[in-house]
Amino acid sequence: MNTSKFPQRIVCLTDEVTEWLYMLGEQERIVGISAFAERPKQAKMEKPMVCGFTGANYQKILATKPDLVIGFSDLQADIAARLIKEGIPTLITNQRSVEEIIDTLALIARVIGVEHKANIYLDKMRRMLKAAELKTARLKSRPKVYFEEWNSPLISGIKWVSQLIHLAGGEDVFDELSEHQSAKDRVINDFQEVVTKAPEIGLFCWCGRKFDQEELLGRPNIDQIPFVQSKQIHEIDPLFMLQPGPAAILEGLPYLEKIIEKYTDN
């Protein structure tokens, strides 16, 4: 396919967009990335950093002469508005579920004219999800799983994380909170709520900070929780679990399956 009529100078405001374009072999089109872009590692060595997550260096972005800027979430609305006023085509997606992640990856591929490349990866993701769904649909029981995205305040997992836990064979004990888009609406007001739910597996994925097990073990009534009694405390890298891109499915789902499958009752 001739891609010359599609965007050739792309600024990626978030990590998962950068990773996706590298996966598709379209990294030569990237002219700017986020300072938080860690996947793949060579991106920071090859591409200029032009933004954070909620802030951007507009002079640097404009200097790259982009014909498309791609970002994620309502938190980047101000960046998008400024760029649109500058006349720059800007695409901000807001995917929050597994289905929306796949749809968004497909959308980006269509916008840049590489659907044929994307379908190889998207088909693999769909097969993985379907296989997990079929495998866990037969479970007689599921282990209760607590996922913590942040510790102060306590924030539970977003929707795609909760869905992946279910696909891996677990039961997210705060599944009802995962329906909320904003992190502030997924706050757990009292750690006693976690104690009461008695989760058997604890997953800790602090976004932007290394997990501190001593802090966890110092919480009130922590020794009453089954995952502490059985030492099923797992730290998960947010670089693949909390990015709404390909890694959440390709790496996040298998990672969760390995942790959860030994506790499932077939």
# chains A, B, ... in the order shown; residues from 1 in each chain; ligands from 1
call {"tool": "closest_atom_pairs", "arguments": {"of": "segment 92-157 of chain A", "to": "segment 70-83 of chain A", "cutoff": "6 Å", "atoms": "only C-alpha atoms", "output": "CSV"}}
result
residue,atom,partner,partner_atom,distance
A:Ile92,CA,A:Gly71,CA,4.7
A:Thr93,CA,A:Phe72,CA,4.8
A:Asn94,CA,A:Ser73,CA,4.6
call {"tool": "residues_around", "arguments": {"residues": "segment 203-208 of chain A", "least_positions_apart": "2", "cutoff": "12 Å", "atoms": "only C-alpha atoms", "output": "VMD selection string"}}
result
chain A and resid 36 38 53 144 to 158 161 to 162 165 170 172 to 173 183 199 to 201 210 to 213 215 to 216 227 to 228 231 to 243 252 255 to 256 259 to 260
call {"tool": "write_last_selection", "arguments": {"atoms": "N, CA and C atoms", "output": "compact mmCIF listing (two decimals), in the first residue's frame"}}
result
# COMPACT_ATOMS: atom_id res chain seq x y z
N PHE A 36 7.87 10.16 28.94
CA PHE A 36 7.56 8.94 29.67
C PHE A 36 7.56 7.71 28.77
N GLU A 38 8.78 4.59 27.37
CA GLU A 38 9.81 3.61 27.76
C GLU A 38 9.80 2.37 26.87
N PHE A 53 2.94 14.17 30.21
CA PHE A 53 1.61 13.59 29.98
C PHE A 53 0.54 14.67 29.92
N LYS A 144 -10.28 -14.63 44.37
CA LYS A 144 -10.56 -13.21 44.50
C LYS A 144 -9.25 -12.43 44.42
N VAL A 145 -9.24 -11.41 43.57
CA VAL A 145 -8.02 -10.66 43.27
C VAL A 145 -8.20 -9.18 43.63
N TYR A 146 -7.21 -8.65 44.34
CA TYR A 146 -7.18 -7.22 44.63
C TYR A 146 -6.08 -6.58 43.79
N PHE A 147 -6.46 -5.59 42.98
CA PHE A 147 -5.50 -4.86 42.16
C PHE A 147 -5.42 -3.42 42.65
N GLU A 148 -4.19 -2.97 42.93
CA GLU A 148 -3.98 -1.61 43.44
C GLU A 148 -3.12 -0.81 42.47
N GLU A 149 -3.71 0.26 41.95
CA GLU A 149 -3.01 1.13 40.99
C GLU A 149 -2.21 2.22 41.69
N TRP A 150 -2.64 2.58 42.89
CA TRP A 150 -1.94 3.62 43.66
C TRP A 150 -2.25 3.43 45.14
N ASN A 151 -1.34 3.91 45.99
CA ASN A 151 -1.49 3.63 47.42
C ASN A 151 -1.95 4.80 48.26
N SER A 152 -1.90 6.02 47.73
CA SER A 152 -2.28 7.18 48.55
C SER A 152 -2.87 8.29 47.68
N PRO A 153 -4.19 8.29 47.50
CA PRO A 153 -5.17 7.39 48.10
C PRO A 153 -5.16 6.03 47.40
N LEU A 154 -5.82 5.07 48.01
CA LEU A 154 -5.92 3.75 47.39
C LEU A 154 -6.78 3.84 46.14
N ILE A 155 -6.24 3.37 45.02
CA ILE A 155 -6.99 3.40 43.77
C ILE A 155 -6.99 2.00 43.17
N SER A 156 -8.17 1.53 42.82
CA SER A 156 -8.30 0.19 42.24
C SER A 156 -8.12 0.25 40.72
N GLY A 157 -8.18 -0.92 40.07
CA GLY A 157 -7.85 -1.02 38.65
C GLY A 157 -8.88 -0.43 37.71
N ILE A 158 -8.40 0.03 36.56
CA ILE A 158 -9.24 0.56 35.51
C ILE A 158 -9.92 -0.61 34.77
N VAL A 161 -7.97 -3.49 33.02
CA VAL A 161 -7.28 -4.33 33.99
C VAL A 161 -8.24 -5.33 34.61
N SER A 162 -9.40 -4.86 35.02
CA SER A 162 -10.42 -5.73 35.61
C SER A 162 -10.85 -6.81 34.62
N ILE A 165 -8.11 -9.44 34.34
CA ILE A 165 -8.13 -10.31 35.52
C ILE A 165 -9.19 -11.39 35.35
N GLY A 170 -9.53 -14.82 37.26
CA GLY A 170 -9.73 -14.26 38.59
C GLY A 170 -11.03 -13.47 38.71
N ASP A 172 -12.06 -9.79 40.16
CA ASP A 172 -11.64 -8.50 40.68
C ASP A 172 -12.60 -8.10 41.79
N VAL A 173 -12.08 -7.96 43.01
CA VAL A 173 -12.96 -7.68 44.15
C VAL A 173 -13.54 -6.27 44.12
N ALA A 183 -9.68 8.13 37.73
CA ALA A 183 -9.04 7.49 38.88
C ALA A 183 -9.66 7.96 40.19
N PRO A 199 -9.39 -10.83 49.66
CA PRO A 199 -8.80 -11.32 48.41
C PRO A 199 -7.67 -12.32 48.64
N GLU A 200 -7.58 -13.28 47.74
CA GLU A 200 -6.57 -14.34 47.85
C GLU A 200 -5.28 -14.00 47.11
N ILE A 201 -5.36 -13.06 46.19
CA ILE A 201 -4.19 -12.63 45.42
C ILE A 201 -4.14 -11.12 45.45
N LYS A 210 7.76 2.79 42.50
CA LYS A 210 8.02 1.40 42.82
C LYS A 210 7.20 0.96 44.02
N PHE A 211 6.66 -0.24 43.94
CA PHE A 211 5.85 -0.80 45.02
C PHE A 211 6.69 -0.95 46.30
N ASP A 212 6.11 -0.54 47.43
CA ASP A 212 6.77 -0.60 48.73
C ASP A 212 6.04 -1.63 49.60
N GLN A 213 6.60 -2.84 49.71
CA GLN A 213 5.93 -3.90 50.45
C GLN A 213 5.86 -3.58 51.94
N GLU A 215 5.36 -0.69 53.29
CA GLU A 215 4.21 0.20 53.47
C GLU A 215 2.92 -0.62 53.51
N LEU A 216 2.83 -1.59 52.59
CA LEU A 216 1.64 -2.45 52.55
C LEU A 216 1.48 -3.21 53.86
N PHE A 227 -4.22 -13.02 51.00
CA PHE A 227 -3.02 -12.94 50.15
C PHE A 227 -1.77 -12.61 50.95
N VAL A 228 -1.92 -12.04 52.13
CA VAL A 228 -0.78 -11.80 53.00
C VAL A 228 -0.42 -13.07 53.74
N LYS A 231 1.26 -15.22 51.31
CA LYS A 231 2.36 -14.53 50.63
C LYS A 231 2.16 -14.44 49.13
N GLN A 232 0.93 -14.20 48.73
CA GLN A 232 0.62 -14.02 47.32
C GLN A 232 0.52 -12.53 46.99
N ILE A 233 1.64 -11.85 47.19
CA ILE A 233 1.76 -10.42 46.91
C ILE A 233 2.63 -10.28 45.66
N HIS A 234 2.07 -9.69 44.63
CA HIS A 234 2.78 -9.61 43.35
C HIS A 234 2.88 -8.17 42.87
N GLU A 235 4.10 -7.76 42.55
CA GLU A 235 4.30 -6.45 41.93
C GLU A 235 4.22 -6.60 40.42
N ILE A 236 3.47 -5.72 39.76
CA ILE A 236 3.31 -5.78 38.31
C ILE A 236 3.84 -4.48 37.71
N ASP A 237 4.58 -4.60 36.64
CA ASP A 237 5.16 -3.44 35.97
C ASP A 237 4.07 -2.63 35.27
N PRO A 238 3.88 -1.36 35.65
CA PRO A 238 2.85 -0.55 35.00
C PRO A 238 3.14 -0.27 33.53
N LEU A 239 4.39 -0.46 33.12
CA LEU A 239 4.74 -0.18 31.72
C LEU A 239 4.00 -1.07 30.74
N PHE A 240 3.60 -2.28 31.19
CA PHE A 240 2.78 -3.07 30.28
C PHE A 240 1.34 -3.20 30.74
N MET A 241 1.09 -3.07 32.05
CA MET A 241 -0.28 -3.29 32.52
C MET A 241 -1.14 -2.03 32.47
N LEU A 242 -0.56 -0.87 32.65
CA LEU A 242 -1.36 0.35 32.73
C LEU A 242 -1.29 1.20 31.47
N GLN A 243 -0.71 0.67 30.40
CA GLN A 243 -0.71 1.37 29.12
C GLN A 243 -1.84 0.80 28.27
N GLY A 252 0.38 -8.37 29.36
CA GLY A 252 -0.38 -8.32 30.60
C GLY A 252 -1.23 -9.55 30.84
N TYR A 255 0.84 -12.65 31.76
CA TYR A 255 1.42 -12.45 33.09
C TYR A 255 0.39 -12.75 34.17
N LEU A 256 -0.82 -12.25 33.99
CA LEU A 256 -1.89 -12.50 34.95
C LEU A 256 -2.27 -13.98 34.98
N ILE A 259 -0.01 -16.04 37.19
CA ILE A 259 -0.23 -15.84 38.62
C ILE A 259 -1.51 -16.52 39.09
N ILE A 260 -2.57 -16.38 38.28
CA ILE A 260 -3.90 -16.78 38.71
C ILE A 260 -4.21 -18.26 38.49
call {"tool": "closest_atom_pairs", "arguments": {"of": "segment 201-248 of chain A", "to": "segment 99-107 of chain A", "cutoff": "8 Å", "atoms": "only C-alpha atoms", "output": "Markdown table"}}
result
| residue | atom | partner | partner_atom | distance |
| --- | --- | --- | --- | --- |
| A:Pro244 | CA | A:Ile101 | CA | 5.9 |
| A:Gly245 | CA | A:Ile101 | CA | 6.0 |
| A:Pro246 | CA | A:Ile101 | CA | 7.7 |
call {"tool": "select_by_dssp", "arguments": {"residues": "segment 66-182 of chain A", "states": "helix (DSSP H, G or I)", "output": "PyMOL selection string"}}
result
chain A and resi 74-85+98-112+115-137+159-167+175-179
call {"tool": "residues_around", "arguments": {"residues": "Gln27 of chain A", "least_positions_apart": "6", "cutoff": "10 Å", "atoms": "only C-alpha atoms", "output": "JSON, numbers by chain"}}
result
{"A": [9, 10, 18, 19, 20, 21, 43, 46, 47]}
call {"tool": "write_last_selection", "arguments": {"atoms": "N, CA and C atoms", "output": "short mmCIF file (atom, residue, chain, number, x, y, z; two decimals), in the first residue's frame"}}
result
data_model
loop_
_atom_site.label_atom_id
_atom_site.label_comp_id
_atom_site.auth_asym_id
_atom_site.auth_seq_id
_atom_site.Cartn_x
_atom_site.Cartn_y
_atom_site.Cartn_z
N ARG A 9 4.70 12.65 9.41
CA ARG A 9 5.44 13.26 10.52
C ARG A 9 4.51 13.25 11.74
N ILE A 10 4.69 12.25 12.58
CA ILE A 10 3.75 12.00 13.67
C ILE A 10 4.39 12.25 15.03
N THR A 18 3.61 5.31 20.69
CA THR A 18 4.99 5.10 20.23
C THR A 18 5.27 3.61 20.05
N GLU A 19 4.89 2.81 21.04
CA GLU A 19 5.13 1.37 20.96
C GLU A 19 4.42 0.76 19.76
N TRP A 20 3.18 1.18 19.54
CA TRP A 20 2.39 0.62 18.44
C TRP A 20 3.03 0.93 17.09
N LEU A 21 3.47 2.17 16.90
CA LEU A 21 4.09 2.53 15.62
C LEU A 21 5.41 1.78 15.40
N ALA A 43 13.42 4.10 21.55
CA ALA A 43 12.69 5.30 21.15
C ALA A 43 13.33 6.56 21.72
N GLU A 46 16.37 7.61 19.89
CA GLU A 46 16.22 7.97 18.47
C GLU A 46 15.31 9.18 18.24
N LYS A 47 14.42 9.46 19.19
CA LYS A 47 13.39 10.46 18.94
C LYS A 47 13.45 11.60 19.97
#
call {"tool": "decode", "arguments": {"residues": "segment 13-163 of chain A", "atoms": "C-alpha atoms", "output": "short mmCIF file (atom, residue, chain, number, x, y, z; two decimals), in the first residue's frame"}}
result
data_model
loop_
_atom_site.label_atom_id
_atom_site.label_comp_id
_atom_site.auth_asym_id
_atom_site.auth_seq_id
_atom_site.Cartn_x
_atom_site.Cartn_y
_atom_site.Cartn_z
CA LEU A 13 2.00 12.12 23.12
CA THR A 14 1.84 8.80 24.99
CA ASP A 15 3.89 5.64 25.35
CA GLU A 16 1.45 3.15 23.84
CA VAL A 17 1.20 5.08 20.56
CA THR A 18 4.99 5.10 20.23
CA GLU A 19 5.13 1.37 20.96
CA TRP A 20 2.39 0.62 18.44
CA LEU A 21 4.09 2.53 15.62
CA TYR A 22 7.38 0.77 16.34
CA MET A 23 5.60 -2.61 16.32
CA LEU A 24 4.14 -1.73 12.93
CA GLY A 25 7.59 -0.81 11.60
CA GLU A 26 6.51 2.81 11.11
CA GLN A 27 8.96 4.42 13.53
CA GLU A 28 10.54 6.52 10.77
CA ARG A 29 7.37 8.60 10.75
CA ILE A 30 7.70 9.48 14.46
CA VAL A 31 9.18 12.96 14.95
CA GLY A 32 8.41 13.45 18.65
CA ILE A 33 7.59 11.39 21.72
CA SER A 34 6.67 11.69 25.40
CA ALA A 35 9.32 11.92 28.09
CA PHE A 36 7.56 8.94 29.67
CA ALA A 37 7.95 6.73 26.60
CA GLU A 38 9.81 3.61 27.76
CA ARG A 39 8.72 1.08 25.15
CA PRO A 40 10.63 0.30 23.08
CA LYS A 41 13.78 1.45 24.82
CA GLN A 42 15.42 2.70 21.63
CA ALA A 43 12.69 5.30 21.15
CA LYS A 44 14.30 7.71 23.62
CA MET A 45 17.65 7.28 21.91
CA GLU A 46 16.22 7.97 18.47
CA LYS A 47 13.39 10.46 18.94
CA PRO A 48 13.14 13.96 20.49
CA MET A 49 11.05 14.24 23.65
CA VAL A 50 8.47 16.99 23.25
CA CYS A 51 5.94 16.48 26.06
CA GLY A 52 5.08 14.95 29.41
CA PHE A 53 1.61 13.59 29.98
CA THR A 54 -0.43 16.65 30.87
CA GLY A 55 2.08 19.23 29.67
CA ALA A 56 3.91 19.81 26.42
CA ASN A 57 6.68 21.93 24.91
CA TYR A 58 4.68 23.51 22.11
CA GLN A 59 7.73 25.12 20.49
CA LYS A 60 9.38 21.72 20.22
CA ILE A 61 6.22 20.13 18.83
CA LEU A 62 5.75 22.87 16.25
CA ALA A 63 9.43 22.63 15.28
CA THR A 64 8.92 19.01 14.25
CA LYS A 65 6.37 20.19 11.64
CA PRO A 66 3.94 17.35 12.43
CA ASP A 67 1.11 16.42 10.11
CA LEU A 68 -0.52 14.37 12.89
CA VAL A 69 -0.38 14.33 16.70
CA ILE A 70 -1.78 11.31 18.56
CA GLY A 71 -2.53 11.21 22.28
CA PHE A 72 -4.70 9.57 24.91
CA SER A 73 -7.30 10.60 27.48
CA ASP A 74 -9.24 13.68 28.52
CA LEU A 75 -6.21 14.66 30.59
CA GLN A 76 -4.55 15.74 27.34
CA ALA A 77 -7.49 17.91 26.27
CA ASP A 78 -5.62 21.17 26.90
CA ILE A 79 -2.66 20.01 24.83
CA ALA A 80 -5.00 18.96 22.03
CA ALA A 81 -6.89 22.27 22.09
CA ARG A 82 -3.66 24.27 21.79
CA LEU A 83 -2.42 22.17 18.88
CA ILE A 84 -5.74 22.34 17.09
CA LYS A 85 -5.65 26.14 17.35
CA GLU A 86 -2.24 25.93 15.67
CA GLY A 87 -3.89 24.07 12.80
CA ILE A 88 -2.27 20.70 13.55
CA PRO A 89 -4.39 17.57 12.95
CA THR A 90 -4.75 16.01 16.40
CA LEU A 91 -6.24 12.67 17.39
CA ILE A 92 -6.99 12.03 21.07
CA THR A 93 -8.40 8.62 21.95
CA ASN A 94 -9.98 7.63 25.25
CA GLN A 95 -9.97 3.83 25.34
CA ARG A 96 -10.81 2.28 28.71
CA SER A 97 -11.71 -1.35 27.98
CA VAL A 98 -10.01 -4.27 26.25
CA GLU A 99 -12.39 -3.94 23.30
CA GLU A 100 -11.69 -0.23 23.03
CA ILE A 101 -7.93 -0.84 23.11
CA ILE A 102 -8.18 -3.11 20.07
CA ASP A 103 -10.55 -0.72 18.29
CA THR A 104 -8.18 2.19 18.96
CA LEU A 105 -5.14 0.33 17.68
CA ALA A 106 -7.11 -0.51 14.53
CA LEU A 107 -8.18 3.14 14.18
CA ILE A 108 -4.61 4.44 14.42
CA ALA A 109 -3.50 1.89 11.82
CA ARG A 110 -6.25 3.04 9.43
CA VAL A 111 -5.41 6.70 9.94
CA ILE A 112 -1.78 6.14 8.97
CA GLY A 113 -2.58 3.64 6.21
CA VAL A 114 -1.09 0.40 7.54
CA GLU A 115 -4.14 -1.74 8.30
CA HIS A 116 -2.51 -4.73 6.58
CA LYS A 117 0.36 -4.67 9.07
CA ALA A 118 -1.85 -4.06 12.07
CA ASN A 119 -4.17 -6.97 11.33
CA ILE A 120 -1.39 -9.47 12.06
CA TYR A 121 -1.08 -8.18 15.63
CA LEU A 122 -4.78 -7.48 16.13
CA ASP A 123 -5.73 -10.97 15.03
CA LYS A 124 -3.21 -12.40 17.50
CA MET A 125 -4.69 -10.29 20.31
CA ARG A 126 -8.21 -11.40 19.46
CA ARG A 127 -7.13 -15.07 19.43
CA MET A 128 -5.46 -14.68 22.84
CA LEU A 129 -8.56 -13.06 24.31
CA LYS A 130 -10.88 -15.69 22.85
CA ALA A 131 -8.68 -18.56 24.07
CA ALA A 132 -8.60 -17.08 27.58
CA GLU A 133 -12.36 -16.57 27.55
CA LEU A 134 -13.02 -20.17 26.50
CA LYS A 135 -10.55 -21.56 29.03
CA THR A 136 -11.90 -19.66 32.02
CA ALA A 137 -15.59 -19.95 31.09
CA ARG A 138 -15.52 -23.52 32.45
CA LEU A 139 -14.11 -22.58 35.87
CA LYS A 140 -16.11 -23.75 38.87
CA SER A 141 -14.63 -21.03 41.06
CA ARG A 142 -12.32 -18.06 40.72
CA PRO A 143 -9.77 -16.67 43.19
CA LYS A 144 -10.56 -13.21 44.50
CA VAL A 145 -8.02 -10.66 43.27
CA TYR A 146 -7.18 -7.22 44.63
CA PHE A 147 -5.50 -4.86 42.16
CA GLU A 148 -3.98 -1.61 43.44
CA GLU A 149 -3.01 1.13 40.99
CA TRP A 150 -1.94 3.62 43.66
CA ASN A 151 -1.49 3.63 47.42
CA SER A 152 -2.28 7.18 48.55
CA PRO A 153 -5.17 7.39 48.10
CA LEU A 154 -5.92 3.75 47.39
CA ILE A 155 -6.99 3.40 43.77
CA SER A 156 -8.30 0.19 42.24
CA GLY A 157 -7.85 -1.02 38.65
CA ILE A 158 -9.24 0.56 35.51
CA LYS A 159 -11.71 -1.34 33.32
CA TRP A 160 -9.24 -3.06 30.98
CA VAL A 161 -7.28 -4.33 33.99
CA SER A 162 -10.42 -5.73 35.61
CA GLN A 163 -11.39 -7.40 32.34
#
